[in-house]
$ cat start_16.cif   # mmCIF, N, CA and C atoms and all ligand atoms
data_start
loop_
_atom_site.label_atom_id
_atom_site.label_comp_id
_atom_site.auth_asym_id
_atom_site.auth_seq_id
_atom_site.Cartn_x
_atom_site.Cartn_y
_atom_site.Cartn_z
N MET L 1 16.94 -24.44 0.26
CA MET L 1 16.83 -23.17 -0.46
C MET L 1 16.57 -22.06 0.55
N SER L 2 17.32 -20.97 0.46
CA SER L 2 17.15 -19.92 1.47
C SER L 2 17.13 -18.55 0.82
N GLY L 3 16.44 -17.64 1.45
CA GLY L 3 16.40 -16.26 1.03
C GLY L 3 16.06 -16.09 -0.43
N ALA L 4 16.84 -15.29 -1.13
CA ALA L 4 16.56 -15.00 -2.53
C ALA L 4 17.13 -16.07 -3.45
N GLY L 5 17.59 -17.19 -2.86
CA GLY L 5 18.22 -18.22 -3.65
C GLY L 5 17.31 -18.85 -4.68
N SER L 6 16.00 -18.70 -4.51
CA SER L 6 15.08 -19.28 -5.46
C SER L 6 15.02 -18.48 -6.75
N GLY L 7 15.61 -17.27 -6.78
CA GLY L 7 15.66 -16.49 -8.00
C GLY L 7 14.33 -15.87 -8.35
N LEU L 8 14.19 -15.54 -9.61
CA LEU L 8 12.98 -14.90 -10.11
C LEU L 8 12.34 -15.78 -11.16
N PRO L 9 11.03 -15.57 -11.40
CA PRO L 9 10.36 -16.40 -12.40
C PRO L 9 10.92 -16.19 -13.80
N SER L 10 10.83 -17.23 -14.61
CA SER L 10 11.30 -17.21 -15.99
C SER L 10 10.20 -17.79 -16.87
N THR L 11 10.49 -18.00 -18.14
CA THR L 11 9.48 -18.61 -18.99
C THR L 11 9.21 -20.06 -18.56
N ARG L 12 10.19 -20.71 -17.96
CA ARG L 12 10.01 -22.12 -17.57
C ARG L 12 9.51 -22.29 -16.14
N TRP L 13 9.91 -21.36 -15.28
CA TRP L 13 9.62 -21.54 -13.86
C TRP L 13 8.86 -20.36 -13.28
N SER L 14 7.88 -20.66 -12.44
CA SER L 14 7.25 -19.64 -11.62
C SER L 14 7.66 -19.92 -10.18
N LEU L 15 7.26 -19.05 -9.27
CA LEU L 15 7.55 -19.27 -7.86
C LEU L 15 6.24 -19.24 -7.10
N ARG L 16 6.15 -20.07 -6.06
CA ARG L 16 4.96 -20.04 -5.21
C ARG L 16 5.38 -19.95 -3.76
N GLY L 17 4.78 -19.02 -3.04
CA GLY L 17 5.01 -18.90 -1.61
C GLY L 17 3.71 -18.52 -0.92
N TYR L 18 3.83 -18.17 0.36
CA TYR L 18 2.65 -17.80 1.14
C TYR L 18 2.89 -16.48 1.85
N ASP L 19 1.86 -15.64 1.88
CA ASP L 19 2.00 -14.41 2.65
C ASP L 19 1.69 -14.70 4.13
N ASP L 20 1.76 -13.66 4.97
CA ASP L 20 1.62 -13.93 6.40
C ASP L 20 0.19 -14.23 6.82
N GLU L 21 -0.77 -14.17 5.88
CA GLU L 21 -2.15 -14.59 6.19
C GLU L 21 -2.47 -15.95 5.60
N GLY L 22 -1.47 -16.60 5.02
CA GLY L 22 -1.68 -17.93 4.49
C GLY L 22 -2.24 -17.97 3.07
N ASN L 23 -2.32 -16.79 2.42
CA ASN L 23 -2.73 -16.79 1.02
C ASN L 23 -1.56 -17.22 0.15
N GLU L 24 -1.87 -17.94 -0.94
CA GLU L 24 -0.81 -18.30 -1.87
C GLU L 24 -0.42 -17.08 -2.69
N ALA L 25 0.86 -16.90 -2.92
CA ALA L 25 1.35 -15.83 -3.79
C ALA L 25 2.20 -16.48 -4.88
N TRP L 26 1.74 -16.37 -6.11
CA TRP L 26 2.44 -16.96 -7.25
C TRP L 26 3.14 -15.86 -8.00
N LEU L 27 4.42 -16.02 -8.22
CA LEU L 27 5.21 -15.03 -8.97
C LEU L 27 5.45 -15.59 -10.36
N ILE L 28 4.97 -14.87 -11.36
CA ILE L 28 4.94 -15.36 -12.73
C ILE L 28 5.60 -14.33 -13.64
N ARG L 29 6.49 -14.79 -14.48
CA ARG L 29 7.15 -13.88 -15.42
C ARG L 29 6.17 -13.48 -16.51
N SER L 30 6.16 -12.20 -16.86
CA SER L 30 5.22 -11.72 -17.86
C SER L 30 5.82 -10.56 -18.64
N ILE L 31 5.24 -10.30 -19.82
CA ILE L 31 5.60 -9.13 -20.61
C ILE L 31 4.38 -8.20 -20.58
N SER L 32 4.59 -6.96 -20.23
CA SER L 32 3.45 -6.05 -20.06
C SER L 32 2.85 -5.66 -21.41
N ALA L 33 1.52 -5.74 -21.48
CA ALA L 33 0.80 -5.35 -22.69
C ALA L 33 0.34 -3.91 -22.59
N LYS L 34 0.39 -3.33 -21.40
CA LYS L 34 0.06 -1.92 -21.22
C LYS L 34 0.85 -1.38 -20.05
N LEU L 35 0.65 -0.11 -19.77
CA LEU L 35 1.40 0.52 -18.70
C LEU L 35 0.83 0.10 -17.34
N TYR L 36 1.69 -0.35 -16.43
CA TYR L 36 1.25 -0.70 -15.09
C TYR L 36 1.99 0.13 -14.06
N ARG L 37 1.44 0.17 -12.86
CA ARG L 37 2.07 0.87 -11.75
C ARG L 37 2.56 -0.17 -10.75
N CYS L 38 3.83 -0.14 -10.47
CA CYS L 38 4.41 -1.13 -9.55
C CYS L 38 4.07 -0.76 -8.10
N PRO L 39 3.48 -1.71 -7.34
CA PRO L 39 3.13 -1.40 -5.94
C PRO L 39 4.36 -1.29 -5.03
N GLY L 40 5.50 -1.74 -5.51
CA GLY L 40 6.70 -1.67 -4.69
C GLY L 40 7.29 -0.27 -4.64
N CYS L 41 7.46 0.36 -5.81
CA CYS L 41 8.12 1.67 -5.88
C CYS L 41 7.17 2.74 -6.40
N HIS L 42 5.95 2.36 -6.78
CA HIS L 42 4.95 3.28 -7.35
C HIS L 42 5.41 3.90 -8.66
N GLY L 43 6.38 3.28 -9.30
CA GLY L 43 6.84 3.75 -10.60
C GLY L 43 6.13 3.00 -11.72
N ASP L 44 6.27 3.50 -12.93
CA ASP L 44 5.65 2.86 -14.09
C ASP L 44 6.41 1.60 -14.51
N ILE L 45 5.65 0.63 -14.99
CA ILE L 45 6.23 -0.52 -15.69
C ILE L 45 5.93 -0.29 -17.16
N GLU L 46 6.96 -0.06 -17.93
CA GLU L 46 6.77 0.30 -19.34
C GLU L 46 6.12 -0.84 -20.13
N ILE L 47 5.40 -0.46 -21.18
CA ILE L 47 4.81 -1.46 -22.08
C ILE L 47 5.93 -2.33 -22.67
N ALA L 48 5.64 -3.61 -22.81
CA ALA L 48 6.56 -4.58 -23.41
C ALA L 48 7.76 -4.89 -22.53
N SER L 49 7.69 -4.56 -21.24
CA SER L 49 8.84 -4.90 -20.40
C SER L 49 8.62 -6.21 -19.65
N ASP L 50 9.73 -6.88 -19.45
CA ASP L 50 9.78 -8.13 -18.72
C ASP L 50 9.56 -7.79 -17.24
N HIS L 51 8.51 -8.33 -16.63
CA HIS L 51 8.21 -7.99 -15.24
C HIS L 51 7.60 -9.20 -14.55
N VAL L 52 7.12 -9.02 -13.34
CA VAL L 52 6.57 -10.13 -12.55
C VAL L 52 5.11 -9.87 -12.23
N VAL L 53 4.24 -10.81 -12.56
CA VAL L 53 2.86 -10.77 -12.09
C VAL L 53 2.79 -11.56 -10.79
N VAL L 54 2.25 -10.94 -9.76
CA VAL L 54 2.05 -11.64 -8.50
C VAL L 54 0.56 -11.94 -8.39
N GLN L 55 0.25 -13.23 -8.48
CA GLN L 55 -1.15 -13.66 -8.45
C GLN L 55 -1.42 -14.28 -7.09
N TYR L 56 -2.31 -13.67 -6.36
CA TYR L 56 -2.69 -14.23 -5.05
C TYR L 56 -3.88 -15.15 -5.22
N VAL L 57 -3.81 -16.33 -4.59
CA VAL L 57 -4.96 -17.20 -4.47
C VAL L 57 -5.33 -17.17 -2.99
N MET L 58 -6.46 -16.54 -2.69
CA MET L 58 -6.81 -16.26 -1.31
C MET L 58 -7.20 -17.51 -0.56
N ARG L 59 -6.81 -17.54 0.68
CA ARG L 59 -7.08 -18.68 1.55
C ARG L 59 -8.59 -18.96 1.63
N LEU L 60 -9.38 -17.90 1.60
CA LEU L 60 -10.83 -18.06 1.71
C LEU L 60 -11.52 -18.04 0.35
N GLY L 61 -10.74 -18.16 -0.72
CA GLY L 61 -11.31 -18.17 -2.06
C GLY L 61 -11.12 -16.84 -2.76
N GLY L 62 -11.04 -16.90 -4.09
CA GLY L 62 -10.84 -15.69 -4.89
C GLY L 62 -9.38 -15.47 -5.21
N THR L 63 -9.16 -14.62 -6.21
CA THR L 63 -7.80 -14.32 -6.64
C THR L 63 -7.68 -12.81 -6.85
N GLU L 64 -6.46 -12.33 -6.79
CA GLU L 64 -6.17 -10.97 -7.24
C GLU L 64 -4.72 -10.93 -7.67
N HIS L 65 -4.38 -9.98 -8.55
CA HIS L 65 -3.01 -9.93 -9.03
C HIS L 65 -2.49 -8.51 -9.15
N HIS L 66 -1.19 -8.39 -9.10
CA HIS L 66 -0.51 -7.10 -9.22
C HIS L 66 0.70 -7.27 -10.12
N HIS L 67 1.11 -6.19 -10.75
CA HIS L 67 2.28 -6.20 -11.62
C HIS L 67 3.43 -5.48 -10.93
N TRP L 68 4.59 -6.14 -10.86
CA TRP L 68 5.76 -5.61 -10.17
C TRP L 68 6.96 -5.56 -11.11
N HIS L 69 7.84 -4.58 -10.89
CA HIS L 69 9.16 -4.65 -11.51
C HIS L 69 9.87 -5.89 -11.00
N ARG L 70 10.72 -6.48 -11.83
CA ARG L 70 11.43 -7.68 -11.36
C ARG L 70 12.27 -7.38 -10.12
N ARG L 71 12.98 -6.27 -10.17
CA ARG L 71 13.86 -5.99 -9.03
C ARG L 71 13.05 -5.69 -7.76
N CYS L 72 11.94 -5.00 -7.90
CA CYS L 72 11.10 -4.70 -6.73
C CYS L 72 10.53 -5.99 -6.16
N ALA L 73 10.09 -6.90 -7.03
CA ALA L 73 9.55 -8.18 -6.56
C ALA L 73 10.61 -8.95 -5.79
N GLU L 74 11.83 -8.90 -6.29
CA GLU L 74 12.91 -9.65 -5.65
C GLU L 74 13.31 -9.03 -4.31
N GLU L 75 13.38 -7.69 -4.28
CA GLU L 75 13.92 -7.03 -3.10
C GLU L 75 12.86 -6.71 -2.05
N LEU L 76 11.62 -6.43 -2.50
CA LEU L 76 10.59 -5.96 -1.56
C LEU L 76 9.53 -7.00 -1.25
N LEU L 77 9.20 -7.83 -2.24
CA LEU L 77 8.09 -8.76 -2.04
C LEU L 77 8.56 -10.14 -1.60
N ALA L 78 9.48 -10.71 -2.35
CA ALA L 78 9.90 -12.10 -2.08
C ALA L 78 10.38 -12.30 -0.64
N PRO L 79 11.11 -11.34 -0.03
CA PRO L 79 11.57 -11.58 1.34
C PRO L 79 10.43 -11.72 2.35
N ASP L 80 9.23 -11.24 2.01
CA ASP L 80 8.09 -11.34 2.93
C ASP L 80 7.28 -12.61 2.74
N LEU L 81 7.64 -13.43 1.75
CA LEU L 81 6.87 -14.64 1.49
C LEU L 81 7.54 -15.84 2.13
N ARG L 82 6.73 -16.75 2.63
CA ARG L 82 7.24 -17.97 3.25
C ARG L 82 7.24 -19.12 2.24
N ASP L 83 8.17 -20.05 2.43
CA ASP L 83 8.20 -21.29 1.63
C ASP L 83 8.20 -21.04 0.13
N LEU L 84 8.94 -20.04 -0.30
CA LEU L 84 8.98 -19.72 -1.72
C LEU L 84 9.71 -20.84 -2.47
N LYS L 85 9.00 -21.41 -3.44
CA LYS L 85 9.55 -22.56 -4.18
C LYS L 85 9.32 -22.36 -5.66
N ARG L 86 10.24 -22.92 -6.44
CA ARG L 86 10.10 -22.93 -7.88
C ARG L 86 9.08 -23.98 -8.30
N VAL L 87 8.20 -23.62 -9.21
CA VAL L 87 7.24 -24.58 -9.76
C VAL L 87 7.22 -24.40 -11.28
N PRO L 88 6.94 -25.47 -12.02
CA PRO L 88 6.89 -25.33 -13.49
C PRO L 88 5.87 -24.26 -13.88
N ALA L 89 6.24 -23.42 -14.85
CA ALA L 89 5.40 -22.29 -15.23
C ALA L 89 4.00 -22.74 -15.65
N GLY L 90 3.89 -23.95 -16.21
CA GLY L 90 2.59 -24.43 -16.65
C GLY L 90 1.57 -24.56 -15.53
N GLU L 91 2.05 -24.70 -14.30
CA GLU L 91 1.13 -24.81 -13.17
C GLU L 91 0.55 -23.47 -12.75
N SER L 92 1.11 -22.39 -13.29
CA SER L 92 0.70 -21.07 -12.84
C SER L 92 -0.11 -20.33 -13.90
N SER L 93 -0.72 -21.09 -14.84
CA SER L 93 -1.55 -20.41 -15.84
C SER L 93 -2.74 -19.76 -15.14
N ARG L 94 -3.21 -18.68 -15.72
CA ARG L 94 -4.30 -17.95 -15.08
C ARG L 94 -5.52 -18.84 -14.85
N SER L 95 -5.84 -19.70 -15.82
CA SER L 95 -7.04 -20.54 -15.66
C SER L 95 -6.87 -21.50 -14.48
N LYS L 96 -5.67 -22.04 -14.31
CA LYS L 96 -5.45 -22.95 -13.17
C LYS L 96 -5.54 -22.22 -11.84
N LEU L 97 -4.97 -21.03 -11.79
CA LEU L 97 -5.00 -20.30 -10.52
C LEU L 97 -6.40 -19.82 -10.19
N GLU L 98 -7.15 -19.41 -11.22
CA GLU L 98 -8.52 -19.00 -10.95
C GLU L 98 -9.35 -20.18 -10.48
N ALA L 99 -9.07 -21.37 -11.02
CA ALA L 99 -9.78 -22.56 -10.55
C ALA L 99 -9.44 -22.84 -9.08
N ARG L 100 -8.17 -22.65 -8.71
CA ARG L 100 -7.78 -22.84 -7.30
C ARG L 100 -8.53 -21.87 -6.40
N GLY L 101 -8.72 -20.64 -6.90
CA GLY L 101 -9.39 -19.61 -6.10
C GLY L 101 -10.87 -19.89 -5.90
N ARG L 102 -11.43 -20.79 -6.69
CA ARG L 102 -12.86 -21.09 -6.56
C ARG L 102 -13.16 -22.08 -5.44
N ARG L 103 -12.10 -22.71 -4.92
CA ARG L 103 -12.36 -23.59 -3.77
C ARG L 103 -11.48 -23.14 -2.60
N PRO L 104 -12.11 -22.65 -1.56
CA PRO L 104 -11.36 -22.19 -0.39
C PRO L 104 -10.48 -23.30 0.18
N ALA L 105 -9.32 -22.92 0.65
CA ALA L 105 -8.40 -23.89 1.25
C ALA L 105 -8.77 -24.12 2.70
N GLY L 106 -9.79 -24.94 2.90
CA GLY L 106 -10.38 -25.11 4.24
C GLY L 106 -9.44 -25.66 5.29
N ARG L 107 -8.38 -26.40 4.85
CA ARG L 107 -7.54 -27.01 5.84
C ARG L 107 -6.59 -26.01 6.49
N ARG L 108 -6.43 -24.84 5.86
CA ARG L 108 -5.55 -23.83 6.45
C ARG L 108 -6.37 -22.96 7.41
N ARG L 109 -5.94 -22.87 8.62
CA ARG L 109 -6.68 -22.08 9.60
C ARG L 109 -5.78 -21.02 10.19
N ARG L 110 -6.38 -19.91 10.49
CA ARG L 110 -5.62 -18.85 11.15
C ARG L 110 -5.18 -19.33 12.53
N GLY L 111 -3.91 -19.13 12.80
CA GLY L 111 -3.30 -19.69 13.95
C GLY L 111 -3.73 -19.31 15.31
ZN ZN L 201 8.94 -1.09 -8.83
#

$ encode --input "start_16.cif" --output "structure tokens"
Amino acid sequence: MSGAGSGLPSTRWSLRGYDDEGNEAWLIRSISAKLYRCPGCHGDIEIASDHVVVQYVMRLGGTEHHHWHRRCAEELLAPDLRDLKRVPAGESSRSKLEARGRRPAGRRRRG
């Protein structure tokens, strides 16, 4: 699998990759319940629009998330992530990711 070949998240599939600091970045398909600001283009994400939640699980513990336009996530964010792979959407539920964030990934060390 190379480049953008992994596509974008759907109701069945999420994507998981790593940023350049070794934090996990999970790309999850979502429908917006309120107005969000996309960090890619700084434009609005309209209510009820199909978009991408990027949930980070930090290498040292903790989580944070951002809401992106689908196209911005594909063009601006995904190319910066390493080892981006499709994973079943059920693995990317908020409760599971928050649980991951509660235990630091001790085996990953800064190079
Ligand atoms: Zn955008």

$ closest_residue --input "start_16.cif" --among "L:Asn23, L:His67, L:Arg16, L:Val53" --to "ligand ZN 201 (chain L)" --atoms "all atoms listed in the file"
L:His67

$ closest_residue --input "start_16.cif" --among "L:Pro79, L:Gly62, L:Gly22, L:Gly40" --to "ligand ZN 201 (chain L)" --atoms "only N, CA and C atoms and all ligand atoms"
L:Gly40

$ residues_near_ligand --input "start_16.cif" --ligand "ligand ZN 201 (chain L)" --cutoff "8 Å" --atoms "only C-alpha atoms and all ligand atoms" --output "ChimeraX atom specification"
/L:37-45,68-73

$ residues_near_point --input "start_16.cif" --point "(10.3, -17.3, -2.7)" --cutoff "6 Å" --atoms "only N, CA and C atoms" --output "list in words"
Ser6, Arg16, Gly17, Ala78, Leu81, Asp83, Leu84 and Lys85 of chain L

$ select_by_dssp --input "start_16.cif" --residues "chain L" --states "alpha helix (DSSP H)" --output "list in words"
Arg70, Arg71, Cys72, Arg94, Ser95, Lys96, Leu97, Glu98, Ala99, Arg100 and Gly101 of chain L

$ atom_distance --input "start_16.cif" --atom1 "atom N of Leu15 in chain L" --atom2 "CA of Arg59 in chain L"
18.0 Å

$ atom_distance --input "start_16.cif" --atom1 "CA of Val57 in chain L" --atom2 "CA of Trp26 in chain L"
7.9 Å

$ atom_distance --input "start_16.cif" --atom1 "atom C of Ala33 in chain L" --atom2 "atom N of Glu46 in chain L"
9.0 Å

$ select_by_dssp --input "start_16.cif" --residues "chain L" --states "strand (DSSP E)" --output "ChimeraX atom specification"
/L:13-18,24-31,36-37,44-45,50-57,63-68,82-88

$ residues_around --input "start_16.cif" --residues "His66 in chain L" --least-positions-apart "4" --cutoff "6.5 Å" --atoms "all atoms listed in the file" --output "PDB file with N, CA and C atoms, in the frame of the given file"
ATOM      1  N   VAL L  52       7.120  -9.020 -13.340  1.00  0.00           N
ATOM      2  CA  VAL L  52       6.570 -10.130 -12.550  1.00  0.00           C
ATOM      3  C   VAL L  52       5.110  -9.870 -12.230  1.00  0.00           C
ATOM      4  N   VAL L  53       4.240 -10.810 -12.560  1.00  0.00           N
ATOM      5  CA  VAL L  53       2.860 -10.770 -12.090  1.00  0.00           C
ATOM      6  C   VAL L  53       2.790 -11.560 -10.790  1.00  0.00           C
ATOM      7  N   VAL L  54       2.250 -10.940  -9.760  1.00  0.00           N
ATOM      8  CA  VAL L  54       2.050 -11.640  -8.500  1.00  0.00           C
ATOM      9  C   VAL L  54       0.560 -11.940  -8.390  1.00  0.00           C
ATOM     10  N   GLN L  55       0.250 -13.230  -8.480  1.00  0.00           N
ATOM     11  CA  GLN L  55      -1.150 -13.660  -8.450  1.00  0.00           C
ATOM     12  C   GLN L  55      -1.420 -14.280  -7.090  1.00  0.00           C
ATOM     13  N   TYR L  56      -2.310 -13.670  -6.360  1.00  0.00           N
ATOM     14  CA  TYR L  56      -2.690 -14.230  -5.050  1.00  0.00           C
ATOM     15  C   TYR L  56      -3.880 -15.150  -5.220  1.00  0.00           C
TER      16      TYR L  56
END

$ closest_residue --input "start_16.cif" --among "L:Met58, L:Ala99, L:Ala25, L:Leu8" --to "Arg86 in chain L" --atoms "only C-alpha atoms"
L:Leu8

$ closest_residue --input "start_16.cif" --among "L:Arg94, L:Arg100, L:Arg82, L:Ile31" --to "His51 in chain L" --atoms "all atoms listed in the file"
L:Ile31

$ residues_near_point --input "start_16.cif" --point "(7.1, -15.1, -14.3)" --cutoff "7 Å" --atoms "only C-alpha atoms" --output "VMD selection string"
chain L and resid 9 to 11 13 to 14 27 to 30 52 to 53

$ closest_residue --input "start_16.cif" --among "L:Glu74, L:Asp20, L:Asp80, L:Lys96" --to "Gly7 in chain L" --atoms "all atoms listed in the file"
L:Glu74

$ axis_aligned_box --input "start_16.cif" --around "range 38-42 of chain L" --padding-each-side "4 Å" --output "AutoDock Vina command-line options"
--center_x 5.6 --center_y 1.1 --center_z -7.6 --size_x 13.0 --size_y 13.6 --size_z 13.8

$ residues_around --input "start_16.cif" --residues "Arg102 in chain L" --least-positions-apart "4" --cutoff "7 Å" --atoms "all atoms listed in the file" --output "PDB file with N, CA and C atoms, in the coordinates of the input"
ATOM      1  N   GLY L  61     -10.740 -18.160  -0.720  1.00  0.00           N
ATOM      2  CA  GLY L  61     -11.310 -18.170  -2.060  1.00  0.00           C
ATOM      3  C   GLY L  61     -11.120 -16.840  -2.760  1.00  0.00           C
ATOM      4  N   GLY L  62     -11.040 -16.900  -4.090  1.00  0.00           N
ATOM      5  CA  GLY L  62     -10.840 -15.690  -4.890  1.00  0.00           C
ATOM      6  C   GLY L  62      -9.380 -15.470  -5.210  1.00  0.00           C
ATOM      7  N   THR L  63      -9.160 -14.620  -6.210  1.00  0.00           N
ATOM      8  CA  THR L  63      -7.800 -14.320  -6.640  1.00  0.00           C
ATOM      9  C   THR L  63      -7.680 -12.810  -6.850  1.00  0.00           C
ATOM     10  N   LEU L  97      -4.970 -21.030 -11.790  1.00  0.00           N
ATOM     11  CA  LEU L  97      -5.000 -20.300 -10.520  1.00  0.00           C
ATOM     12  C   LEU L  97      -6.400 -19.820 -10.190  1.00  0.00           C
ATOM     13  N   GLU L  98      -7.150 -19.410 -11.220  1.00  0.00           N
ATOM     14  CA  GLU L  98      -8.520 -19.000 -10.950  1.00  0.00           C
ATOM     15  C   GLU L  98      -9.350 -20.180 -10.480  1.00  0.00           C
TER      16      GLU L  98
END
